[in-house]
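Below is the file query_29.tsv, which contains TSV, C-alpha atoms.
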chain	number	residue	atom	x	y	z
D	6	MET	CA	-7.39	-0.18	6.26
D	7	HIS	CA	-6.95	2.67	8.72
D	8	ILE	CA	-9.95	4.95	8.79
D	9	SER	CA	-8.88	8.58	9.07
D	10	GLU	CA	-10.18	11.16	11.47
D	11	GLY	CA	-13.22	13.18	10.51
D	12	ILE	CA	-14.88	10.53	8.35
D	13	LEU	CA	-17.02	8.53	10.71
D	14	SER	CA	-19.99	9.75	12.71
D	15	ALA	CA	-19.89	9.87	16.50
D	16	PRO	CA	-22.06	6.79	17.16
D	17	VAL	CA	-19.75	4.69	15.00
D	18	LEU	CA	-16.68	6.00	16.80
D	19	ILE	CA	-18.21	5.33	20.20
D	20	SER	CA	-19.40	1.81	19.34
D	21	GLY	CA	-15.97	1.03	17.91
D	22	ALA	CA	-14.31	2.25	21.09
D	23	ALA	CA	-16.71	0.19	23.21
D	24	ILE	CA	-15.99	-2.99	21.27
D	25	ALA	CA	-12.27	-2.31	21.47
D	26	ALA	CA	-12.41	-1.66	25.22
D	27	GLY	CA	-14.28	-4.92	25.81
D	28	GLY	CA	-11.85	-6.88	23.68
D	29	ILE	CA	-8.85	-5.34	25.39
D	30	ALA	CA	-10.24	-6.14	28.84
D	31	ILE	CA	-10.71	-9.78	27.86
D	32	GLY	CA	-7.31	-9.85	26.18
D	33	LEU	CA	-5.49	-8.44	29.20
D	34	LYS	CA	-7.24	-10.82	31.56
D	35	LYS	CA	-6.61	-13.88	29.46
D	36	THR	CA	-2.95	-13.23	28.81
D	37	GLU	CA	-0.57	-15.21	30.95
D	38	ASN	CA	2.77	-13.83	31.95
D	39	GLU	CA	4.71	-16.13	29.68
D	40	LYS	CA	2.69	-14.94	26.71
D	41	ILE	CA	3.53	-11.23	27.10
D	42	PRO	CA	6.80	-11.23	25.13
D	43	GLU	CA	4.97	-12.90	22.30
D	44	VAL	CA	2.29	-10.19	22.43
D	45	GLY	CA	5.06	-7.59	22.24
D	46	VAL	CA	6.75	-9.15	19.24
D	47	LEU	CA	3.49	-9.55	17.35
D	48	SER	CA	2.46	-6.03	18.23
D	49	ALA	CA	5.73	-4.80	16.76
D	50	THR	CA	5.22	-7.01	13.69
D	51	PHE	CA	1.78	-5.52	13.21
D	52	PHE	CA	3.21	-2.02	13.67
D	53	VAL	CA	5.78	-2.58	10.91
D	54	ALA	CA	3.50	-4.55	8.56
D	55	SER	CA	1.49	-1.48	7.66
D	56	LEU	CA	4.59	0.11	6.22
D	57	ILE	CA	4.75	-2.49	3.50
D	58	HIS	CA	2.35	-1.61	0.82
D	59	ILE	CA	1.28	-2.14	-2.70
D	60	PRO	CA	0.00	0.55	-5.06
D	61	LEU	CA	-3.20	-0.63	-6.70
D	62	GLY	CA	-5.39	1.36	-9.06
D	63	PRO	CA	-6.68	4.56	-7.52
D	64	THR	CA	-5.74	3.51	-4.03
D	65	SER	CA	-2.93	1.96	-2.09
D	66	ILE	CA	-3.04	-1.03	0.20
D	67	HIS	CA	-0.71	-2.43	2.80
D	68	LEU	CA	-0.16	-5.60	4.77
D	69	ILE	CA	-2.12	-5.93	7.98
D	70	LEU	CA	-1.16	-9.33	9.39
D	71	ASN	CA	-4.09	-9.32	11.78
D	72	GLY	CA	-4.82	-12.93	10.82
D	73	LEU	CA	-1.37	-14.01	11.96
D	74	VAL	CA	-1.59	-11.92	15.12
D	75	GLY	CA	-4.96	-13.44	15.97
D	76	LEU	CA	-3.86	-16.98	15.23
D	77	LEU	CA	-0.94	-16.77	17.65
D	78	LEU	CA	-2.48	-14.57	20.32
D	79	GLY	CA	-6.21	-15.18	20.43
D	80	TRP	CA	-7.86	-12.46	22.53
D	81	ALA	CA	-4.48	-10.88	23.25
D	82	ALA	CA	-4.65	-9.66	19.64
D	83	PHE	CA	-6.76	-6.75	20.94
D	84	PRO	CA	-4.07	-5.16	23.14
D	85	ALA	CA	-1.37	-6.03	20.60
D	86	ILE	CA	-3.22	-4.34	17.75
D	87	LEU	CA	-4.21	-1.35	19.87
D	88	VAL	CA	-0.60	-0.69	20.84
D	89	GLY	CA	0.53	-1.05	17.23
D	90	LEU	CA	-2.19	1.36	16.09
D	91	VAL	CA	-1.39	3.94	18.76
D	92	PHE	CA	2.16	4.24	17.51
D	93	GLN	CA	1.13	4.18	13.88
D	94	ALA	CA	-1.22	7.06	14.59
D	95	VAL	CA	1.27	9.05	16.64
D	96	LEU	CA	4.36	8.48	14.53
D	97	PHE	CA	3.01	8.08	11.01
D	98	GLN	CA	-0.41	9.76	11.17
D	99	PHE	CA	-2.10	6.55	9.98
D	100	GLY	CA	-5.69	6.62	11.02
D	101	GLY	CA	-5.91	8.91	14.00
D	102	LEU	CA	-6.37	9.05	17.74
D	103	THR	CA	-10.14	9.51	17.64
D	104	THR	CA	-10.53	6.51	15.35
D	105	LEU	CA	-8.30	4.25	17.45
D	106	GLY	CA	-11.27	2.37	18.88
D	107	VAL	CA	-12.89	1.76	15.52
D	108	ASN	CA	-9.64	0.76	13.88
D	109	THR	CA	-8.77	-1.60	16.74
D	110	ALA	CA	-12.20	-3.20	16.47
D	111	THR	CA	-12.09	-3.55	12.67
D	112	MET	CA	-8.75	-5.30	12.75
D	113	ALA	CA	-8.81	-7.21	16.05
D	114	LEU	CA	-12.31	-8.69	15.84
D	115	PRO	CA	-11.56	-10.66	12.65
D	116	ALA	CA	-8.24	-11.65	14.25
D	117	VAL	CA	-10.03	-13.23	17.21
D	118	GLY	CA	-12.64	-14.71	14.85
D	119	GLY	CA	-9.84	-16.28	12.84
D	120	TYR	CA	-8.37	-17.72	16.01
D	121	TYR	CA	-11.58	-19.50	16.92
D	122	LEU	CA	-12.32	-20.63	13.36
D	123	PHE	CA	-8.90	-21.86	12.34
D	124	HIS	CA	-6.73	-22.46	15.39
D	125	PRO	CA	-8.22	-25.92	16.07
D	126	PHE	CA	-7.15	-26.98	12.56
D	127	VAL	CA	-3.76	-25.29	12.70
D	128	ARG	CA	-3.06	-27.40	15.78
D	129	SER	CA	-3.96	-30.53	13.89
D	130	SER	CA	-1.35	-33.23	13.54
D	131	ASN	CA	-2.16	-33.35	9.85
D	132	GLN	CA	0.38	-31.02	8.24
D	133	LYS	CA	-1.61	-30.33	5.07
D	134	ARG	CA	-4.79	-29.51	6.92
D	135	ALA	CA	-2.90	-27.20	9.28
D	136	LEU	CA	-1.27	-25.28	6.45
D	137	LEU	CA	-4.55	-24.85	4.61
D	138	ALA	CA	-6.14	-23.54	7.80
D	139	ALA	CA	-3.22	-21.14	8.27
D	140	PHE	CA	-3.67	-19.79	4.75
D	141	LEU	CA	-7.38	-19.33	5.31
D	142	CYS	CA	-6.78	-17.65	8.65
D	143	GLY	CA	-4.39	-15.11	7.12
D	144	ALA	CA	-6.83	-14.36	4.32
D	145	PHE	CA	-9.81	-14.28	6.67
D	146	GLY	CA	-8.21	-11.61	8.86
D	147	VAL	CA	-7.95	-9.23	5.90
D	148	PHE	CA	-11.38	-10.13	4.54
D	149	GLY	CA	-13.01	-9.60	7.93
D	150	ALA	CA	-11.24	-6.28	8.42
D	151	ALA	CA	-12.33	-5.10	4.97
D	152	LEU	CA	-15.89	-6.08	5.79
D	153	MET	CA	-15.72	-4.20	9.09
D	154	VAL	CA	-14.38	-1.07	7.40
D	155	ALA	CA	-17.16	-1.25	4.82
D	156	PHE	CA	-19.65	-1.63	7.64
D	157	ALA	CA	-18.26	1.38	9.51
D	158	LEU	CA	-18.41	3.50	6.35
D	159	PHE	CA	-21.92	2.27	5.61
D	160	TRP	CA	-23.11	3.09	9.08
D	161	THR	CA	-21.82	6.61	8.59
D	162	GLY	CA	-23.78	7.01	5.39
D	163	GLN	CA	-21.89	5.55	2.45
D	164	SER	CA	-23.62	2.91	0.42
D	165	PHE	CA	-22.57	-0.44	1.85
D	166	PHE	CA	-22.46	-2.20	-1.48
D	167	GLU	CA	-20.22	0.43	-3.03
D	168	ALA	CA	-17.88	0.87	-0.07
D	169	GLY	CA	-17.70	-2.85	0.58
D	170	LYS	CA	-17.05	-3.77	-3.01
D	171	MET	CA	-14.24	-1.25	-3.22
D	172	VAL	CA	-12.56	-2.24	0.04
D	173	ILE	CA	-12.84	-5.98	-0.52
D	174	TYR	CA	-11.75	-5.94	-4.17
D	175	ALA	CA	-8.77	-3.80	-3.30
D	176	HIS	CA	-7.70	-6.24	-0.63
D	177	VAL	CA	-7.91	-9.48	-2.60
D	178	PRO	CA	-4.15	-9.38	-3.36
D	179	VAL	CA	-3.45	-8.69	0.31
D	180	MET	CA	-5.61	-11.64	1.33
D	181	VAL	CA	-3.54	-13.92	-0.89
D	182	ILE	CA	-0.20	-12.48	0.27
D	183	GLU	CA	-1.13	-12.67	3.93
D	184	GLY	CA	-2.53	-16.15	3.52
D	185	VAL	CA	0.76	-17.33	2.06
D	186	LEU	CA	2.77	-15.45	4.68
D	187	THR	CA	0.71	-16.92	7.54
D	188	MET	CA	1.12	-20.35	6.00
D	189	PHE	CA	4.91	-19.99	5.92
D	190	CYS	CA	4.98	-18.77	9.50
D	191	VAL	CA	2.87	-21.69	10.67
D	192	ALA	CA	4.97	-24.20	8.71
D	193	PHE	CA	8.08	-22.79	10.33
D	194	LEU	CA	6.62	-22.65	13.82
D	195	ARG	CA	5.35	-26.21	13.58
D	196	LYS	CA	8.84	-27.36	12.81
D	197	VAL	CA	10.77	-25.20	15.27
D	198	LYS	CA	8.45	-24.43	18.13
D	199	PRO	CA	5.27	-26.48	17.94
D	200	ASP	CA	4.24	-25.68	21.52
D	201	LEU	CA	3.65	-22.07	20.48
D	202	LEU	CA	0.78	-23.29	18.34
D	203	GLU	CA	-0.15	-25.97	20.84
D	204	VAL	CA	0.21	-28.57	18.10
D	205	ARG	CA	-1.25	-31.96	18.98
D	206	GLU	CA	1.07	-34.89	18.85
J	28	MET	CA	13.88	-15.72	19.30
J	29	LYS	CA	14.97	-17.41	16.10
J	30	LYS	CA	11.45	-17.94	14.89
J	31	TRP	CA	10.67	-14.26	15.14
J	32	ILE	CA	13.68	-13.37	13.09
J	33	LEU	CA	12.05	-15.28	10.27
J	34	VAL	CA	8.75	-13.56	10.84
J	35	PHE	CA	10.48	-10.20	10.56
J	36	ALA	CA	12.68	-11.26	7.68
J	37	SER	CA	9.71	-12.50	5.69
J	38	LEU	CA	8.17	-9.06	6.02
J	39	PHE	CA	11.07	-7.49	4.24
J	40	ILE	CA	11.28	-9.94	1.39
J	41	PHE	CA	8.41	-8.33	-0.43
J	42	PRO	CA	9.77	-5.95	-3.02
J	43	THR	CA	7.34	-3.11	-2.49
J	44	LEU	CA	8.64	-2.07	0.87
J	45	CYS	CA	7.84	1.57	1.16
J	46	LEU	CA	7.31	3.92	4.02
J	47	ALA	CA	3.92	4.56	5.46
J	48	HIS	CA	0.33	4.43	4.51
J	49	ARG	CA	-1.87	7.44	4.73
J	50	ILE	CA	-2.77	10.25	2.39
J	51	SER	CA	-1.29	13.70	2.31
J	52	VAL	CA	-2.41	16.81	0.55
J	53	PHE	CA	-0.51	19.95	-0.23
J	54	ALA	CA	-1.29	23.17	-2.03
J	55	TYR	CA	0.71	25.93	-3.62
J	56	GLN	CA	-0.08	29.06	-5.47
J	57	GLU	CA	1.04	30.19	-8.88
J	58	GLY	CA	-0.19	33.65	-9.72
J	59	SER	CA	-3.96	33.57	-9.44
J	60	GLN	CA	-4.11	29.80	-9.62
J	61	ILE	CA	-4.01	27.30	-6.79
J	62	HIS	CA	-2.63	23.84	-7.34
J	63	VAL	CA	-3.63	21.02	-5.03
J	64	GLU	CA	-1.94	17.64	-5.09
J	65	GLY	CA	-2.66	14.55	-3.06
J	66	PHE	CA	-0.75	11.33	-2.70
J	67	PHE	CA	-0.56	8.19	-0.65
J	68	SER	CA	2.49	8.12	1.53
J	69	ASP	CA	4.36	5.86	-0.90
J	70	GLY	CA	3.98	8.61	-3.49
J	71	THR	CA	1.10	7.08	-5.45
J	72	PRO	CA	-1.18	9.96	-6.47
J	73	THR	CA	-4.73	9.96	-5.16
J	74	LYS	CA	-6.61	9.69	-8.43
J	75	GLN	CA	-10.21	10.85	-8.62
J	76	ALA	CA	-10.36	11.82	-4.99
J	77	ARG	CA	-12.75	14.47	-3.78
J	78	VAL	CA	-11.36	17.88	-2.90
J	79	ASP	CA	-13.49	20.20	-0.79
J	80	VAL	CA	-12.42	23.79	-0.44
J	81	TYR	CA	-13.63	25.78	2.53
J	82	GLY	CA	-13.39	29.55	2.98
J	83	GLU	CA	-12.59	31.63	5.99
J	84	LYS	CA	-15.64	30.98	8.13
J	85	GLY	CA	-15.76	27.28	7.37
J	86	LYS	CA	-18.08	27.91	4.46
J	87	LYS	CA	-17.73	25.39	1.69
J	88	ILE	CA	-16.79	27.11	-1.54
J	89	PHE	CA	-16.80	24.17	-3.92
J	90	SER	CA	-16.08	20.49	-4.32
J	91	LYS	CA	-14.12	18.99	-7.20
J	92	GLN	CA	-12.23	15.84	-8.13
J	93	THR	CA	-8.54	15.36	-8.70
J	94	ASN	CA	-7.37	14.19	-12.11
J	95	GLU	CA	-5.38	11.10	-13.08
J	96	LYS	CA	-2.25	12.58	-11.55
J	97	GLY	CA	-3.93	13.28	-8.24
J	98	ALA	CA	-3.81	17.02	-8.94
J	99	LEU	CA	-6.38	19.78	-9.14
J	100	THR	CA	-5.94	23.36	-10.29
J	101	PHE	CA	-8.43	26.12	-9.64
J	102	ASN	CA	-8.59	29.90	-9.66
J	103	ALA	CA	-7.97	31.53	-6.33
J	104	PRO	CA	-11.31	32.58	-4.91
J	105	LYS	CA	-11.62	36.35	-4.36
J	106	ASN	CA	-11.98	37.93	-0.93
J	107	GLN	CA	-10.48	34.96	0.91
J	108	LYS	CA	-7.32	35.02	2.93
J	109	LYS	CA	-7.24	31.46	4.09
J	110	LEU	CA	-8.52	28.28	2.53
J	111	LYS	CA	-9.05	24.92	4.10
J	112	ILE	CA	-8.54	22.12	1.63
J	113	VAL	CA	-9.88	18.68	2.50
J	114	LEU	CA	-9.00	15.65	0.42
J	115	THR	CA	-11.13	12.52	0.74
J	116	ALA	CA	-9.95	9.35	-1.00
J	117	SER	CA	-11.54	5.94	-1.08
J	118	MET	CA	-11.77	3.57	1.88
J	119	GLY	CA	-11.84	6.09	4.66
J	120	HIS	CA	-8.74	8.09	3.84
J	121	ARG	CA	-8.84	11.80	4.49
J	122	ALA	CA	-6.33	14.62	4.77
J	123	GLU	CA	-6.58	18.36	5.10
J	124	THR	CA	-4.38	21.39	4.87
J	125	THR	CA	-4.89	25.07	5.41
J	126	PHE	CA	-3.52	27.40	2.85
J	127	GLU	CA	-2.89	31.12	3.08
J	128	LEU	CA	-3.66	32.99	-0.08
J	129	ASN	CA	-1.10	35.46	-1.19
J	130	GLN	CA	-3.25	38.22	-2.63
J	131	LYS	CA	-0.22	40.16	-3.82
J	132	ASP	CA	0.76	37.26	-5.99
J	133	GLN	CA	-2.34	37.60	-8.06
J	134	SER	CA	-1.11	39.62	-10.94
J	135	THR	CA	-4.53	41.19	-11.40
J	136	SER	CA	-4.43	43.04	-8.11
J	137	PRO	CA	-2.26	46.16	-7.86
J	138	THR	CA	0.22	46.33	-5.01
J	139	HIS	CA	0.86	49.07	-2.51
J	140	GLU	CA	4.59	49.08	-2.98
J	141	ASP	CA	4.15	50.85	-6.27
J	142	SER	CA	3.33	54.12	-4.61
J	143	GLU	CA	6.47	54.18	-2.49
J	144	SER	CA	9.27	56.68	-3.03
J	145	PRO	CA	11.46	56.17	-6.07
J	146	LYS	CA	13.85	53.27	-5.99
J	147	PRO	CA	16.50	52.15	-8.42
J	148	ALA	CA	13.86	50.09	-10.15
J	149	THR	CA	11.93	53.23	-10.98
J	150	GLN	CA	14.95	54.79	-12.57
J	151	LEU	CA	15.67	51.67	-14.50
J	152	ALA	CA	12.09	51.60	-15.64
J	153	LYS	CA	12.35	55.17	-16.84
J	154	VAL	CA	15.45	54.35	-18.85
J	155	GLN	CA	13.84	51.31	-20.39
J	156	GLY	CA	10.68	53.16	-21.14
J	157	ILE	CA	8.34	50.79	-19.32
J	158	SER	CA	6.33	51.60	-16.27
J	159	GLU	CA	7.59	50.54	-12.88
J	160	ARG	CA	4.43	48.55	-12.30
J	161	THR	CA	4.92	46.47	-15.42
J	162	LEU	CA	8.52	45.85	-14.53
J	163	ARG	CA	7.62	44.73	-11.04
J	164	SER	CA	4.98	42.37	-12.28
J	165	ILE	CA	7.37	40.89	-14.83
J	166	VAL	CA	10.00	40.31	-12.17
J	167	ARG	CA	7.45	38.83	-9.82
J	168	GLU	CA	6.21	36.46	-12.47
J	169	GLU	CA	9.71	35.31	-13.30
J	170	VAL	CA	10.65	34.77	-9.68
J	171	ASN	CA	7.44	32.83	-9.16
J	172	ARG	CA	8.19	30.60	-12.07
J	173	ALA	CA	11.74	29.99	-10.94
J	174	THR	CA	10.81	29.14	-7.36
J	175	GLN	CA	7.81	26.97	-8.24
J	176	PRO	CA	9.69	23.63	-8.09
J	177	ILE	CA	11.19	24.60	-4.75
J	178	MET	CA	7.81	25.58	-3.36
J	179	LYS	CA	6.39	22.29	-4.53
J	180	THR	CA	9.17	20.28	-2.91
J	181	LEU	CA	8.81	22.22	0.32
J	182	ALA	CA	5.06	21.72	0.44
J	183	ARG	CA	5.51	18.06	-0.23
J	184	GLN	CA	8.17	17.62	2.41
J	185	GLU	CA	5.96	19.29	4.94
J	186	ALA	CA	3.22	16.81	4.15
J	187	GLU	CA	5.51	13.80	4.47
J	188	LYS	CA	6.71	12.86	7.88
J	189	VAL	CA	7.66	9.20	8.17
J	190	SER	CA	11.25	8.40	8.93
J	191	PHE	CA	13.22	5.29	9.68
J	192	ARG	CA	13.90	6.71	13.11
J	193	ASP	CA	10.17	6.73	13.84
J	194	ILE	CA	9.86	3.08	12.89
J	195	VAL	CA	12.70	1.96	15.11
J	196	GLY	CA	11.47	4.24	17.87
J	197	GLY	CA	7.98	2.78	17.61
J	198	ILE	CA	9.26	-0.77	17.92
J	199	GLY	CA	11.28	0.28	20.93
J	200	TRP	CA	8.22	1.82	22.53
J	201	ILE	CA	6.21	-1.35	22.03
J	202	MET	CA	8.93	-3.49	23.58
J	203	GLY	CA	9.21	-1.12	26.50
J	204	LEU	CA	5.47	-1.12	27.12
J	205	MET	CA	5.36	-4.90	27.10
J	206	GLY	CA	8.23	-4.91	29.56
J	207	ILE	CA	6.27	-2.63	31.90
J	208	TRP	CA	3.20	-4.80	31.54
J	209	MET	CA	5.22	-7.88	32.40
J	210	MET	CA	6.80	-6.18	35.38
J	211	MET	CA	3.42	-5.11	36.72
J	212	LYS	CA	2.01	-8.57	36.29
J	213	SER	CA	4.91	-10.30	37.98
J	214	ARG	CA	4.75	-7.94	40.97
J	215	LYS	CA	1.19	-8.91	41.70
J	216	LYS	CA	2.19	-12.50	42.21
Translate this file's structure into structure tokens.
Amino acid sequence: MHISEGILSAPVLISGAAIAAGGIAIGLKKTENEKIPEVGVLSATFFVASLIHIPLGPTSIHLILNGLVGLLLGWAAFPAILVGLVFQAVLFQFGGLTTLGVNTATMALPAVGGYYLFHPFVRSSNQKRALLAAFLCGAFGVFGAALMVAFALFWTGQSFFEAGKMVIYAHVPVMVIEGVLTMFCVAFLRKVKPDLLEVRE
Amino acid sequence: MKKWILVFASLFIFPTLCLAHRISVFAYQEGSQIHVEGFFSDGTPTKQARVDVYGEKGKKIFSKQTNEKGALTFNAPKNQKKLKIVLTASMGHRAETTFELNQKDQSTSPTHEDSESPKPATQLAKVQGISERTLRSIVREEVNRATQPIMKTLARQEAEKVSFRDIVGGIGWIMGLMGIWMMMKSRKK
């Protein structure tokens, strides 16, 4: 899901960076002190998640976990994902420094979207409904990111249909895996630390 | 912290834990042929990826696709000392490498060493009844063949850079940064 350096055109890179900067500003402002350790842990989780990957046909895909990050952090997903991406770029040469903005935007925007779409249900006192929402949130994060990548490639000149089909098909298994993973996390958190999800009584 | 231990633990349950995600490309020369190979960082070859080869002044020489094994072999272009090889795989993955052509290696081109003053090899050649040039080219070919696997491994190692130390270091960095952020925020209050 990381777009490498030298693929995208300048306007795409700049717009990506602008979106990322806006999101980070909101994220930093909205984050309370008590939430910072959580941001750190999820940033580290995101950083490690990309190292777990699955060979698939002519390409290779990895976990992203942006859905989970978004669900637990809301807007703070932006700084968390940016920090994770910086170290992935520096240490593993995933993506690249010039594409940091675009990559942050492609992964953090769906994360925040997932938060708004599914967090109200994950908080629900109805266990089944909450778990279903968690699954959808995990899957949505990956789907949204795939869509964003396809859009970035399309804007640079690739055919949207072709790029999008490829990216989304390739990530269907990841959507399922991350959906299940997010569901397990939510089930566990609801039992052990419900206030983290702001679960309603 | 207990809950996070589970989050981390669940990450490692999946059987396909491998290091890194990115593509790498490396090239090596065998006689007058250049081999290019590309792979994702877990070692999966980049099948049917586009390979663009650029010459010395950034001029594109040609563009071809890798085969099922993520490899491509082509004849070394003449009159080029350095090649830039760019590999583009699906979904926004790209890698490049520069490669210095060893003109001497190309068995078609004669070498300067041949005209140097007699060496033991010359005498040996005389005894055997074959020309020194032939002998040299035979030796060179054999050495090339013998060192090919080593060259391949070296090229591949150079392309691969992820280590466990980096992962742990990265996590440490993230924790440290969050600590600084927290410190700065608490000072304001």
List the neighbours of J:Phe126 out to 12 Å using all atoms listed in the file; skip same-chain residues closer than 4 positions along the sequence, and give me the result as a VMD selection string.
chain J and resid 52 to 56 61 to 63 80 to 83 103 107 to 113 182
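All protein and nucleic acid residues in the vicinity of (-14.6, 14.0, 8.6), that is within 12 Å when counting all atoms listed in the file, are Ile8, Ser9, Glu10, Gly11, Ile12, Leu13, Ser14, Ala15, Leu18, Gly100, Gly101, Thr103, Thr104, Leu158, Thr161 and Gly162 of chain D; Asp79, Val113, Leu114, Thr115, Ala116, Gly119, His120, Arg121, Ala122 and Glu123 of chain J.
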Please tabulate, as JSON lines, the residues of chain D that come within 8 Å of chain J, each with its closest pair of atoms and the distance in Å to one decimal, counting only C-alpha atoms and ordering rows by chain, then residue number upward.
{"residue": "D:Met6", "atom": "CA", "partner": "J:Met118", "partner_atom": "CA", "distance": 7.2}
{"residue": "D:His7", "atom": "CA", "partner": "J:Gly119", "partner_atom": "CA", "distance": 7.2}
{"residue": "D:Ile8", "atom": "CA", "partner": "J:Gly119", "partner_atom": "CA", "distance": 4.7}
{"residue": "D:Ser9", "atom": "CA", "partner": "J:His120", "partner_atom": "CA", "distance": 5.3}
{"residue": "D:Glu10", "atom": "CA", "partner": "J:Arg121", "partner_atom": "CA", "distance": 7.1}
{"residue": "D:Gly11", "atom": "CA", "partner": "J:Arg121", "partner_atom": "CA", "distance": 7.6}
{"residue": "D:Ile12", "atom": "CA", "partner": "J:Gly119", "partner_atom": "CA", "distance": 6.5}
{"residue": "D:Asn38", "atom": "CA", "partner": "J:Met209", "partner_atom": "CA", "distance": 6.5}
{"residue": "D:Ile41", "atom": "CA", "partner": "J:Met209", "partner_atom": "CA", "distance": 6.5}
{"residue": "D:Pro42", "atom": "CA", "partner": "J:Met205", "partner_atom": "CA", "distance": 6.8}
{"residue": "D:Val44", "atom": "CA", "partner": "J:Met205", "partner_atom": "CA", "distance": 7.7}
{"residue": "D:Gly45", "atom": "CA", "partner": "J:Met205", "partner_atom": "CA", "distance": 5.6}
{"residue": "D:Val46", "atom": "CA", "partner": "J:Met202", "partner_atom": "CA", "distance": 7.5}
{"residue": "D:Ser48", "atom": "CA", "partner": "J:Ile201", "partner_atom": "CA", "distance": 7.1}
{"residue": "D:Ala49", "atom": "CA", "partner": "J:Ile198", "partner_atom": "CA", "distance": 5.5}
{"residue": "D:Thr50", "atom": "CA", "partner": "J:Phe35", "partner_atom": "CA", "distance": 6.9}
{"residue": "D:Phe52", "atom": "CA", "partner": "J:Ile198", "partner_atom": "CA", "distance": 7.5}
{"residue": "D:Val53", "atom": "CA", "partner": "J:Ile194", "partner_atom": "CA", "distance": 7.3}
{"residue": "D:Ala54", "atom": "CA", "partner": "J:Leu38", "partner_atom": "CA", "distance": 7.0}
{"residue": "D:Ser55", "atom": "CA", "partner": "J:His48", "partner_atom": "CA", "distance": 6.8}
{"residue": "D:Leu56", "atom": "CA", "partner": "J:Ala47", "partner_atom": "CA", "distance": 4.6}
{"residue": "D:Ile57", "atom": "CA", "partner": "J:Leu44", "partner_atom": "CA", "distance": 4.7}
{"residue": "D:His58", "atom": "CA", "partner": "J:Thr43", "partner_atom": "CA", "distance": 6.2}
{"residue": "D:Ile59", "atom": "CA", "partner": "J:Thr43", "partner_atom": "CA", "distance": 6.1}
{"residue": "D:Pro60", "atom": "CA", "partner": "J:Thr71", "partner_atom": "CA", "distance": 6.6}
{"residue": "D:Pro63", "atom": "CA", "partner": "J:Lys74", "partner_atom": "CA", "distance": 5.2}
{"residue": "D:Thr64", "atom": "CA", "partner": "J:Thr73", "partner_atom": "CA", "distance": 6.6}
{"residue": "D:Ser65", "atom": "CA", "partner": "J:Phe67", "partner_atom": "CA", "distance": 6.8}
{"residue": "D:Ile66", "atom": "CA", "partner": "J:His48", "partner_atom": "CA", "distance": 7.7}
{"residue": "D:His67", "atom": "CA", "partner": "J:His48", "partner_atom": "CA", "distance": 7.1}
{"residue": "D:Val88", "atom": "CA", "partner": "J:Ile201", "partner_atom": "CA", "distance": 6.9}
{"residue": "D:Gly89", "atom": "CA", "partner": "J:Ile201", "partner_atom": "CA", "distance": 7.4}
{"residue": "D:Phe92", "atom": "CA", "partner": "J:Gly197", "partner_atom": "CA", "distance": 6.0}
{"residue": "D:Gln93", "atom": "CA", "partner": "J:Gly197", "partner_atom": "CA", "distance": 7.9}
{"residue": "D:Leu96", "atom": "CA", "partner": "J:Asp193", "partner_atom": "CA", "distance": 6.1}
{"residue": "D:Phe97", "atom": "CA", "partner": "J:Val189", "partner_atom": "CA", "distance": 5.6}
{"residue": "D:Gln98", "atom": "CA", "partner": "J:Arg49", "partner_atom": "CA", "distance": 7.0}
{"residue": "D:Phe99", "atom": "CA", "partner": "J:Arg49", "partner_atom": "CA", "distance": 5.3}
{"residue": "D:Gly100", "atom": "CA", "partner": "J:Arg49", "partner_atom": "CA", "distance": 7.4}
{"residue": "D:Val154", "atom": "CA", "partner": "J:Met118", "partner_atom": "CA", "distance": 7.7}
{"residue": "D:Ala155", "atom": "CA", "partner": "J:Met118", "partner_atom": "CA", "distance": 7.8}
{"residue": "D:Leu158", "atom": "CA", "partner": "J:Gly119", "partner_atom": "CA", "distance": 7.3}
{"residue": "D:Ala168", "atom": "CA", "partner": "J:Met118", "partner_atom": "CA", "distance": 7.0}
{"residue": "D:Met171", "atom": "CA", "partner": "J:Met118", "partner_atom": "CA", "distance": 7.4}
{"residue": "D:Val172", "atom": "CA", "partner": "J:Met118", "partner_atom": "CA", "distance": 6.1}
{"residue": "D:Leu186", "atom": "CA", "partner": "J:Ser37", "partner_atom": "CA", "distance": 7.6}
{"residue": "D:Cys190", "atom": "CA", "partner": "J:Val34", "partner_atom": "CA", "distance": 6.6}
{"residue": "D:Phe193", "atom": "CA", "partner": "J:Lys30", "partner_atom": "CA", "distance": 7.5}
{"residue": "D:Leu194", "atom": "CA", "partner": "J:Lys30", "partner_atom": "CA", "distance": 6.8}
{"residue": "D:Val197", "atom": "CA", "partner": "J:Lys30", "partner_atom": "CA", "distance": 7.3}
{"residue": "D:Lys198", "atom": "CA", "partner": "J:Lys30", "partner_atom": "CA", "distance": 7.8}
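From atom CA of J:Lys96 back to atom CA of D:Ala151, the distance works out to 26.2 Å.
The interatomic distance for the pair atom CA of D:Ala116 and atom CA of J:Ile207 works out to 24.6 Å.
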Mind pulling up the distance from atom CA of J:Thr93 to atom CA of J:Glu169?
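Calculated distance between atom CA of J:Glu169 and atom CA of J:Thr93 is 27.4 Å.
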For D:Phe148, find every residue with an atom within 7 Å (counting all atoms listed in the file), except residues of its own chain fewer than 4 positions away, and show them as number ranges by chain.
D: 144, 152, 173, 180
Can you find the residues with an atom no farther than 7 Å from (-10.1, -1.5, 19.0), counting all atoms listed in the file, and report them as a PyMOL selection string?
chain D and resi 21-22+24-26+83+87+105-111+113
Quick one: everything within 12 Å of stretch 124-136 of chain D, counting all atoms listed in the file, minus sequence neighbours fewer than 4 positions away in the same chain. Send it as an MDAnalysis selection string.
chainID D and resid 72:79 116:120 140:143 184:196 199:206
